[in-house]
>>> print(open('work-v3.cif').read())   # mmCIF, C-alpha atoms
data_entry
#
loop_
_atom_site.group_PDB
_atom_site.id
_atom_site.type_symbol
_atom_site.label_atom_id
_atom_site.label_comp_id
_atom_site.auth_asym_id
_atom_site.auth_seq_id
_atom_site.Cartn_x
_atom_site.Cartn_y
_atom_site.Cartn_z
ATOM 1 C CA MET A 1 -24.929 10.478 -5.338
ATOM 2 C CA ALA A 2 -26.354 13.799 -4.202
ATOM 3 C CA PRO A 3 -24.113 15.427 -1.572
ATOM 4 C CA ARG A 4 -27.010 15.887 0.865
ATOM 5 C CA LYS A 5 -27.948 12.199 0.686
ATOM 6 C CA GLN A 6 -24.308 11.210 1.093
ATOM 7 C CA GLN A 7 -24.089 13.349 4.245
ATOM 8 C CA GLU A 8 -27.260 11.724 5.593
ATOM 9 C CA ILE A 9 -25.662 8.307 5.074
ATOM 10 C CA PHE A 10 -22.435 9.430 6.748
ATOM 11 C CA ASP A 11 -24.358 10.978 9.642
ATOM 12 C CA ALA A 12 -26.334 7.756 10.146
ATOM 13 C CA THR A 13 -23.122 5.709 9.957
ATOM 14 C CA LEU A 14 -21.282 7.766 12.556
ATOM 15 C CA ARG A 15 -24.215 8.026 14.950
ATOM 16 C CA LEU A 16 -24.909 4.271 14.754
ATOM 17 C CA ALA A 17 -21.225 3.497 15.317
ATOM 18 C CA ALA A 18 -21.281 5.770 18.375
ATOM 19 C CA GLU A 19 -24.464 4.174 19.708
ATOM 20 C CA ARG A 20 -23.765 0.514 18.953
ATOM 21 C CA GLY A 21 -20.025 0.246 18.350
ATOM 22 C CA TYR A 22 -18.474 -1.143 15.205
ATOM 23 C CA ASP A 23 -19.774 -4.647 15.792
ATOM 24 C CA GLY A 24 -23.333 -3.314 16.057
ATOM 25 C CA LEU A 25 -22.997 -1.130 12.980
ATOM 26 C CA THR A 26 -24.731 -2.654 9.962
ATOM 27 C CA VAL A 27 -25.299 -1.452 6.431
ATOM 28 C CA GLU A 28 -28.957 -2.367 6.918
ATOM 29 C CA GLY A 29 -29.151 -0.106 9.975
ATOM 30 C CA VAL A 30 -27.503 2.753 8.098
ATOM 31 C CA ALA A 31 -29.863 2.256 5.175
ATOM 32 C CA GLU A 32 -32.897 2.317 7.441
ATOM 33 C CA ARG A 33 -31.767 5.401 9.385
ATOM 34 C CA SER A 34 -30.729 7.356 6.282
ATOM 35 C CA GLY A 35 -33.765 6.341 4.219
ATOM 36 C CA VAL A 36 -31.931 4.633 1.359
ATOM 37 C CA ASN A 37 -31.824 1.089 0.086
ATOM 38 C CA LYS A 38 -28.855 -0.977 1.269
ATOM 39 C CA THR A 39 -27.965 -1.708 -2.360
ATOM 40 C CA THR A 40 -27.387 2.026 -2.809
ATOM 41 C CA ILE A 41 -24.882 1.960 0.028
ATOM 42 C CA TYR A 42 -23.124 -1.135 -1.331
ATOM 43 C CA ARG A 43 -22.914 0.516 -4.755
ATOM 44 C CA TRP A 44 -20.718 3.250 -3.260
ATOM 45 C CA TRP A 45 -19.013 1.436 -0.350
ATOM 46 C CA PRO A 46 -18.287 -2.305 -0.559
ATOM 47 C CA SER A 47 -18.265 -2.933 3.205
ATOM 48 C CA LYS A 48 -19.143 -1.345 6.502
ATOM 49 C CA ALA A 49 -15.428 -0.719 7.091
ATOM 50 C CA ALA A 50 -15.224 1.254 3.836
ATOM 51 C CA LEU A 51 -18.405 3.132 4.736
ATOM 52 C CA LEU A 52 -17.215 4.052 8.227
ATOM 53 C CA GLY A 53 -13.789 5.030 6.891
ATOM 54 C CA ALA A 54 -15.374 7.343 4.319
ATOM 55 C CA ALA A 55 -17.741 8.805 6.907
ATOM 56 C CA LEU A 56 -14.871 9.593 9.276
ATOM 57 C CA VAL A 57 -13.088 11.592 6.579
ATOM 58 C CA GLU A 58 -15.933 13.080 4.572
ATOM 59 C CA SER A 59 -18.760 13.683 7.055
ATOM 60 C CA ASP A 60 -19.776 17.247 7.837
ATOM 61 C CA LEU A 61 -20.405 15.994 11.376
ATOM 62 C CA LEU A 62 -16.643 15.761 11.895
ATOM 63 C CA GLY A 63 -15.805 18.631 9.556
ATOM 64 C CA PHE A 64 -12.424 20.249 9.969
ATOM 65 C CA GLU A 65 -10.749 23.300 8.553
ATOM 66 C CA ALA A 66 -7.265 24.309 9.649
ATOM 67 C CA PRO A 67 -7.435 27.456 11.767
ATOM 68 C CA ASP A 68 -5.869 30.648 10.451
ATOM 69 C CA THR A 69 -5.575 33.168 13.281
ATOM 70 C CA GLY A 70 -2.526 34.934 11.875
ATOM 71 C CA SER A 71 0.009 33.376 14.258
ATOM 72 C CA LEU A 72 1.434 29.927 14.889
ATOM 73 C CA ARG A 73 0.534 30.076 18.578
ATOM 74 C CA GLY A 74 -3.028 31.154 17.833
ATOM 75 C CA ASP A 75 -3.450 28.490 15.162
ATOM 76 C CA LEU A 76 -2.138 25.758 17.460
ATOM 77 C CA VAL A 77 -4.343 26.840 20.369
ATOM 78 C CA ALA A 78 -7.359 26.823 18.022
ATOM 79 C CA LEU A 79 -6.307 23.412 16.680
ATOM 80 C CA VAL A 80 -6.004 21.929 20.179
ATOM 81 C CA GLU A 81 -9.337 23.507 21.125
ATOM 82 C CA GLY A 82 -10.909 21.757 18.135
ATOM 83 C CA VAL A 83 -9.455 18.411 19.192
ATOM 84 C CA ARG A 84 -10.632 19.070 22.747
ATOM 85 C CA ARG A 85 -14.191 19.687 21.542
ATOM 86 C CA LEU A 86 -14.081 16.637 19.255
ATOM 87 C CA LEU A 87 -13.031 14.364 22.102
ATOM 88 C CA THR A 88 -15.128 15.811 24.918
ATOM 89 C CA GLU A 89 -18.443 16.867 23.361
ATOM 90 C CA PRO A 90 -21.044 14.561 21.827
ATOM 91 C CA PRO A 91 -21.494 13.379 19.215
ATOM 92 C CA GLY A 92 -17.792 13.722 18.320
ATOM 93 C CA SER A 93 -16.563 12.180 21.558
ATOM 94 C CA ASP A 94 -18.756 9.105 21.148
ATOM 95 C CA ILE A 95 -17.791 8.739 17.496
ATOM 96 C CA ALA A 96 -14.062 9.097 18.208
ATOM 97 C CA VAL A 97 -14.087 6.471 20.948
ATOM 98 C CA ALA A 98 -16.151 4.048 18.851
ATOM 99 C CA ALA A 99 -13.897 4.536 15.818
ATOM 100 C CA LEU A 100 -10.712 4.122 17.857
ATOM 101 C CA SER A 101 -12.045 0.958 19.464
ATOM 102 C CA ALA A 102 -13.042 -0.405 16.074
ATOM 103 C CA ALA A 103 -9.704 0.461 14.473
ATOM 104 C CA VAL A 104 -7.797 -1.417 17.174
ATOM 105 C CA ARG A 105 -9.871 -4.587 16.804
ATOM 106 C CA HIS A 106 -10.654 -4.448 13.089
ATOM 107 C CA PRO A 107 -7.652 -3.742 10.844
ATOM 108 C CA GLU A 108 -9.923 -3.603 7.789
ATOM 109 C CA LEU A 109 -11.096 -0.243 9.141
ATOM 110 C CA ASP A 110 -8.117 1.845 8.102
ATOM 111 C CA ALA A 111 -8.279 4.742 10.582
ATOM 112 C CA ARG A 112 -4.968 6.022 9.212
ATOM 113 C CA ARG A 113 -6.929 7.655 6.400
ATOM 114 C CA PHE A 114 -8.737 9.870 8.953
ATOM 115 C CA PHE A 115 -5.478 10.986 10.555
ATOM 116 C CA ALA A 116 -3.718 11.417 7.189
ATOM 117 C CA ASP A 117 -6.567 13.597 5.946
ATOM 118 C CA ARG A 118 -6.494 15.741 9.092
ATOM 119 C CA PHE A 119 -2.732 16.113 8.970
ATOM 120 C CA ALA A 120 -2.791 17.100 5.297
ATOM 121 C CA ARG A 121 -5.054 19.984 6.285
ATOM 122 C CA GLU A 122 -3.077 20.833 9.432
ATOM 123 C CA ARG A 123 0.164 21.059 7.465
ATOM 124 C CA GLU A 124 -0.828 24.481 6.090
ATOM 125 C CA ILE A 125 -0.610 25.901 9.639
ATOM 126 C CA PHE A 126 3.089 25.117 9.616
ATOM 127 C CA GLU A 127 3.677 26.264 6.054
ATOM 128 C CA ARG A 128 2.181 29.660 6.923
ATOM 129 C CA ALA A 129 4.262 29.843 10.120
ATOM 130 C CA VAL A 130 7.477 29.140 8.186
ATOM 131 C CA GLY A 131 6.477 31.799 5.657
ATOM 132 C CA ARG A 132 5.928 34.343 8.462
ATOM 133 C CA GLY A 133 9.289 33.483 10.034
ATOM 134 C CA GLU A 134 7.722 32.011 13.188
ATOM 135 C CA LEU A 135 9.003 28.488 12.681
ATOM 136 C CA LYS A 136 12.159 26.932 11.295
ATOM 137 C CA GLY A 137 11.660 25.039 8.076
ATOM 138 C CA SER A 138 13.318 22.032 9.715
ATOM 139 C CA ALA A 139 10.599 21.751 12.373
ATOM 140 C CA ASP A 140 8.621 18.510 12.266
ATOM 141 C CA PRO A 141 4.923 19.432 11.917
ATOM 142 C CA MET A 142 3.749 15.875 12.548
ATOM 143 C CA LEU A 143 5.688 15.695 15.803
ATOM 144 C CA ILE A 144 4.144 18.980 16.960
ATOM 145 C CA VAL A 145 0.619 17.819 16.088
ATOM 146 C CA ASP A 146 1.240 14.436 17.704
ATOM 147 C CA LEU A 147 2.429 16.072 20.928
ATOM 148 C CA LEU A 148 -0.549 18.426 21.081
ATOM 149 C CA ALA A 149 -3.351 16.163 19.859
ATOM 150 C CA GLY A 150 -1.858 13.215 21.718
ATOM 151 C CA ALA A 151 -2.036 15.178 24.960
ATOM 152 C CA VAL A 152 -5.763 15.719 24.446
ATOM 153 C CA TRP A 153 -6.384 12.076 23.477
ATOM 154 C CA MET A 154 -4.417 10.892 26.504
ATOM 155 C CA ARG A 155 -6.205 13.126 28.968
ATOM 156 C CA ALA A 156 -9.750 12.967 27.581
ATOM 157 C CA VAL A 157 -10.009 9.438 26.197
ATOM 158 C CA PHE A 158 -7.449 7.241 27.900
ATOM 159 C CA ARG A 159 -7.369 8.829 31.354
ATOM 160 C CA GLY A 160 -10.967 10.034 31.315
ATOM 161 C CA SER A 161 -9.840 13.266 32.954
ATOM 162 C CA PRO A 162 -11.408 16.655 32.330
ATOM 163 C CA VAL A 163 -9.810 18.878 29.710
ATOM 164 C CA ASP A 164 -10.507 22.397 30.908
ATOM 165 C CA ASP A 165 -10.696 25.558 28.837
ATOM 166 C CA ASP A 166 -7.095 26.542 29.698
ATOM 167 C CA PHE A 167 -5.642 23.246 28.497
ATOM 168 C CA PRO A 168 -5.171 24.198 24.819
ATOM 169 C CA ALA A 169 -3.102 27.308 25.615
ATOM 170 C CA GLU A 170 -1.139 25.466 28.307
ATOM 171 C CA ALA A 171 -0.335 22.539 26.012
ATOM 172 C CA VAL A 172 0.760 24.848 23.201
ATOM 173 C CA ALA A 173 2.957 26.851 25.595
ATOM 174 C CA ALA A 174 4.619 23.636 26.814
ATOM 175 C CA VAL A 175 5.384 22.568 23.248
ATOM 176 C CA LEU A 176 6.493 25.954 21.895
ATOM 177 C CA GLU A 177 8.391 27.144 24.984
ATOM 178 C CA GLY A 178 9.475 23.825 26.406
ATOM 179 C CA VAL A 179 9.373 22.754 30.001
ATOM 180 C CA GLN A 180 11.391 24.691 32.563
ATOM 181 C CA ILE A 181 14.084 22.543 34.124
ATOM 182 C CA LEU A 182 15.164 23.622 37.597
#
>>> encode(input="work-v3.cif", output="structure tokens")
Amino acid sequence: MAPRKQQEIFDATLRLAAERGYDGLTVEGVAERSGVNKTTIYRWWPSKAALLGAALVESDLLGFEAPDTGSLRGDLVALVEGVRRLLTEPPGSDIAVAALSAAVRHPELDARRFFADRFAREREIFERAVGRGELKGSADPMLIVDLLAGAVWMRAVFRGSPVDDDFPAEAVAAVLEGVQIL
């Protein structure tokens, strides 16, 4: 399939999931919005769960490249800023909430692939930091990402609270420097 057509299908899939939720997402709707025949979609993805899972990982709409600012702190602030934008600005925020809701209620939608793909790309931040001597090799990159990204998910999605522009730097400082105990 031509990459441009594939992206149109992914874009239609993600936008329909955001608009209608997983239950309202249909292959027929994706076919109509993307201008392809539904048999074309079924040729590449056997179910709407497979289609949505592929769109979450491969869509340019949710594209992700690990930041490389030259420092661990800078990379982590940029990473958290990216998560903040994803979860607070449409269409990413609508897509993320719809996908999370679907993943909880529909185990056939394996959202772990999305997070595994992101983490595989994020890992290079930590490899570079170890190479520069900024981070011990024994540090747990997944724990660090979970603490930082989890803070954004908790505040933006679960609490529905604003995530201001200072939040990324503040969250990174709390993780890297710890919390002062009086």
>>> atom_distance(input="work-v3.cif", atom1="atom CA of A:Leu86", atom2="atom CA of A:Val157")
10.8 Å
>>> residues_around(input="work-v3.cif", residues="A:Gly63", least_positions_apart="5", cutoff="12 Å", atoms="only C-alpha atoms", output="list in words")
Gln7, Phe10, Asp11, Ala55, Leu56, Val57, Glu58, Gly82, Val83, Leu86, Gly92, Phe114, Asp117, Arg118 and Arg121 of chain A
>>> closest_residue(input="work-v3.cif", among="A:Arg105, A:Ile9, A:Ala78, A:Gly131", to="A:Ala66", atoms="only C-alpha atoms")
A:Ala78
>>> resolve_selection(input="work-v3.cif", expression="the PyMOL selection byres ((chain A and resi 36-53) around 12)", output="number ranges by chain")
A: 1-2, 5-18, 21-35, 54-59, 95-96, 98-100, 102-103, 105-117
>>> write_last_selection(input="work-v3.cif", atoms="C-alpha atoms", output="PDB file, in the coordinates of the input")
ATOM      1  CA  MET A   1     -24.929  10.478  -5.338  1.00  0.00           C
ATOM      2  CA  ALA A   2     -26.354  13.799  -4.202  1.00  0.00           C
ATOM      3  CA  LYS A   5     -27.948  12.199   0.686  1.00  0.00           C
ATOM      4  CA  GLN A   6     -24.308  11.210   1.093  1.00  0.00           C
ATOM      5  CA  GLN A   7     -24.089  13.349   4.245  1.00  0.00           C
ATOM      6  CA  GLU A   8     -27.260  11.724   5.593  1.00  0.00           C
ATOM      7  CA  ILE A   9     -25.662   8.307   5.074  1.00  0.00           C
ATOM      8  CA  PHE A  10     -22.435   9.430   6.748  1.00  0.00           C
ATOM      9  CA  ASP A  11     -24.358  10.978   9.642  1.00  0.00           C
ATOM     10  CA  ALA A  12     -26.334   7.756  10.146  1.00  0.00           C
ATOM     11  CA  THR A  13     -23.122   5.709   9.957  1.00  0.00           C
ATOM     12  CA  LEU A  14     -21.282   7.766  12.556  1.00  0.00           C
ATOM     13  CA  ARG A  15     -24.215   8.026  14.950  1.00  0.00           C
ATOM     14  CA  LEU A  16     -24.909   4.271  14.754  1.00  0.00           C
ATOM     15  CA  ALA A  17     -21.225   3.497  15.317  1.00  0.00           C
ATOM     16  CA  ALA A  18     -21.281   5.770  18.375  1.00  0.00           C
ATOM     17  CA  GLY A  21     -20.025   0.246  18.350  1.00  0.00           C
ATOM     18  CA  TYR A  22     -18.474  -1.143  15.205  1.00  0.00           C
ATOM     19  CA  ASP A  23     -19.774  -4.647  15.792  1.00  0.00           C
ATOM     20  CA  GLY A  24     -23.333  -3.314  16.057  1.00  0.00           C
ATOM     21  CA  LEU A  25     -22.997  -1.130  12.980  1.00  0.00           C
ATOM     22  CA  THR A  26     -24.731  -2.654   9.962  1.00  0.00           C
ATOM     23  CA  VAL A  27     -25.299  -1.452   6.431  1.00  0.00           C
ATOM     24  CA  GLU A  28     -28.957  -2.367   6.918  1.00  0.00           C
ATOM     25  CA  GLY A  29     -29.151  -0.106   9.975  1.00  0.00           C
ATOM     26  CA  VAL A  30     -27.503   2.753   8.098  1.00  0.00           C
ATOM     27  CA  ALA A  31     -29.863   2.256   5.175  1.00  0.00           C
ATOM     28  CA  GLU A  32     -32.897   2.317   7.441  1.00  0.00           C
ATOM     29  CA  ARG A  33     -31.767   5.401   9.385  1.00  0.00           C
ATOM     30  CA  SER A  34     -30.729   7.356   6.282  1.00  0.00           C
ATOM     31  CA  GLY A  35     -33.765   6.341   4.219  1.00  0.00           C
ATOM     32  CA  ALA A  54     -15.374   7.343   4.319  1.00  0.00           C
ATOM     33  CA  ALA A  55     -17.741   8.805   6.907  1.00  0.00           C
ATOM     34  CA  LEU A  56     -14.871   9.593   9.276  1.00  0.00           C
ATOM     35  CA  VAL A  57     -13.088  11.592   6.579  1.00  0.00           C
ATOM     36  CA  GLU A  58     -15.933  13.080   4.572  1.00  0.00           C
ATOM     37  CA  SER A  59     -18.760  13.683   7.055  1.00  0.00           C
ATOM     38  CA  ILE A  95     -17.791   8.739  17.496  1.00  0.00           C
ATOM     39  CA  ALA A  96     -14.062   9.097  18.208  1.00  0.00           C
ATOM     40  CA  ALA A  98     -16.151   4.048  18.851  1.00  0.00           C
ATOM     41  CA  ALA A  99     -13.897   4.536  15.818  1.00  0.00           C
ATOM     42  CA  LEU A 100     -10.712   4.122  17.857  1.00  0.00           C
ATOM     43  CA  ALA A 102     -13.042  -0.405  16.074  1.00  0.00           C
ATOM     44  CA  ALA A 103      -9.704   0.461  14.473  1.00  0.00           C
ATOM     45  CA  ARG A 105      -9.871  -4.587  16.804  1.00  0.00           C
ATOM     46  CA  HIS A 106     -10.654  -4.448  13.089  1.00  0.00           C
ATOM     47  CA  PRO A 107      -7.652  -3.742  10.844  1.00  0.00           C
ATOM     48  CA  GLU A 108      -9.923  -3.603   7.789  1.00  0.00           C
ATOM     49  CA  LEU A 109     -11.096  -0.243   9.141  1.00  0.00           C
ATOM     50  CA  ASP A 110      -8.117   1.845   8.102  1.00  0.00           C
ATOM     51  CA  ALA A 111      -8.279   4.742  10.582  1.00  0.00           C
ATOM     52  CA  ARG A 112      -4.968   6.022   9.212  1.00  0.00           C
ATOM     53  CA  ARG A 113      -6.929   7.655   6.400  1.00  0.00           C
ATOM     54  CA  PHE A 114      -8.737   9.870   8.953  1.00  0.00           C
ATOM     55  CA  PHE A 115      -5.478  10.986  10.555  1.00  0.00           C
ATOM     56  CA  ALA A 116      -3.718  11.417   7.189  1.00  0.00           C
ATOM     57  CA  ASP A 117      -6.567  13.597   5.946  1.00  0.00           C
TER      58      ASP A 117
END
>>> resolve_selection(input="work-v3.cif", expression="the PyMOL selection byres ((chain A and resi 71) around 9)", output="list of chain:residue names")
A:Asp68, A:Thr69, A:Gly70, A:Leu72, A:Arg73, A:Gly74, A:Asp75, A:Leu76, A:Ile125, A:Arg128, A:Ala129, A:Arg132, A:Glu134
>>> resolve_selection(input="work-v3.cif", expression="the PyMOL selection byres ((chain A and resi 170) around 12)", output="tab-separated table (two decimals) with C-alpha atoms, keeping the file's coordinate frame")
chain	number	residue	atom	x	y	z
A	73	ARG	CA	0.53	30.08	18.58
A	76	LEU	CA	-2.14	25.76	17.46
A	77	VAL	CA	-4.34	26.84	20.37
A	80	VAL	CA	-6.00	21.93	20.18
A	81	GLU	CA	-9.34	23.51	21.12
A	148	LEU	CA	-0.55	18.43	21.08
A	151	ALA	CA	-2.04	15.18	24.96
A	152	VAL	CA	-5.76	15.72	24.45
A	163	VAL	CA	-9.81	18.88	29.71
A	164	ASP	CA	-10.51	22.40	30.91
A	165	ASP	CA	-10.70	25.56	28.84
A	166	ASP	CA	-7.10	26.54	29.70
A	167	PHE	CA	-5.64	23.25	28.50
A	168	PRO	CA	-5.17	24.20	24.82
A	169	ALA	CA	-3.10	27.31	25.62
A	171	ALA	CA	-0.34	22.54	26.01
A	172	VAL	CA	0.76	24.85	23.20
A	173	ALA	CA	2.96	26.85	25.60
A	174	ALA	CA	4.62	23.64	26.81
A	175	VAL	CA	5.38	22.57	23.25
A	176	LEU	CA	6.49	25.95	21.90
A	177	GLU	CA	8.39	27.14	24.98
A	178	GLY	CA	9.48	23.82	26.41
A	179	VAL	CA	9.37	22.75	30.00
>>> closest_residue(input="work-v3.cif", among="A:Ile181, A:Val130, A:Leu79, A:Val97", to="A:Ala156", atoms="all atoms listed in the file")
A:Val97
>>> atom_distance(input="work-v3.cif", atom1="atom CA of A:Met142", atom2="atom CA of A:Ser93")
22.5 Å
>>> closest_residue(input="work-v3.cif", among="A:Gln180, A:Leu61, A:Ala120, A:Trp153", to="A:Pro141", atoms="all atoms listed in the file")
A:Ala120
>>> atom_distance(input="work-v3.cif", atom1="atom CA of A:Phe64", atom2="atom CA of A:Leu147")
18.9 Å
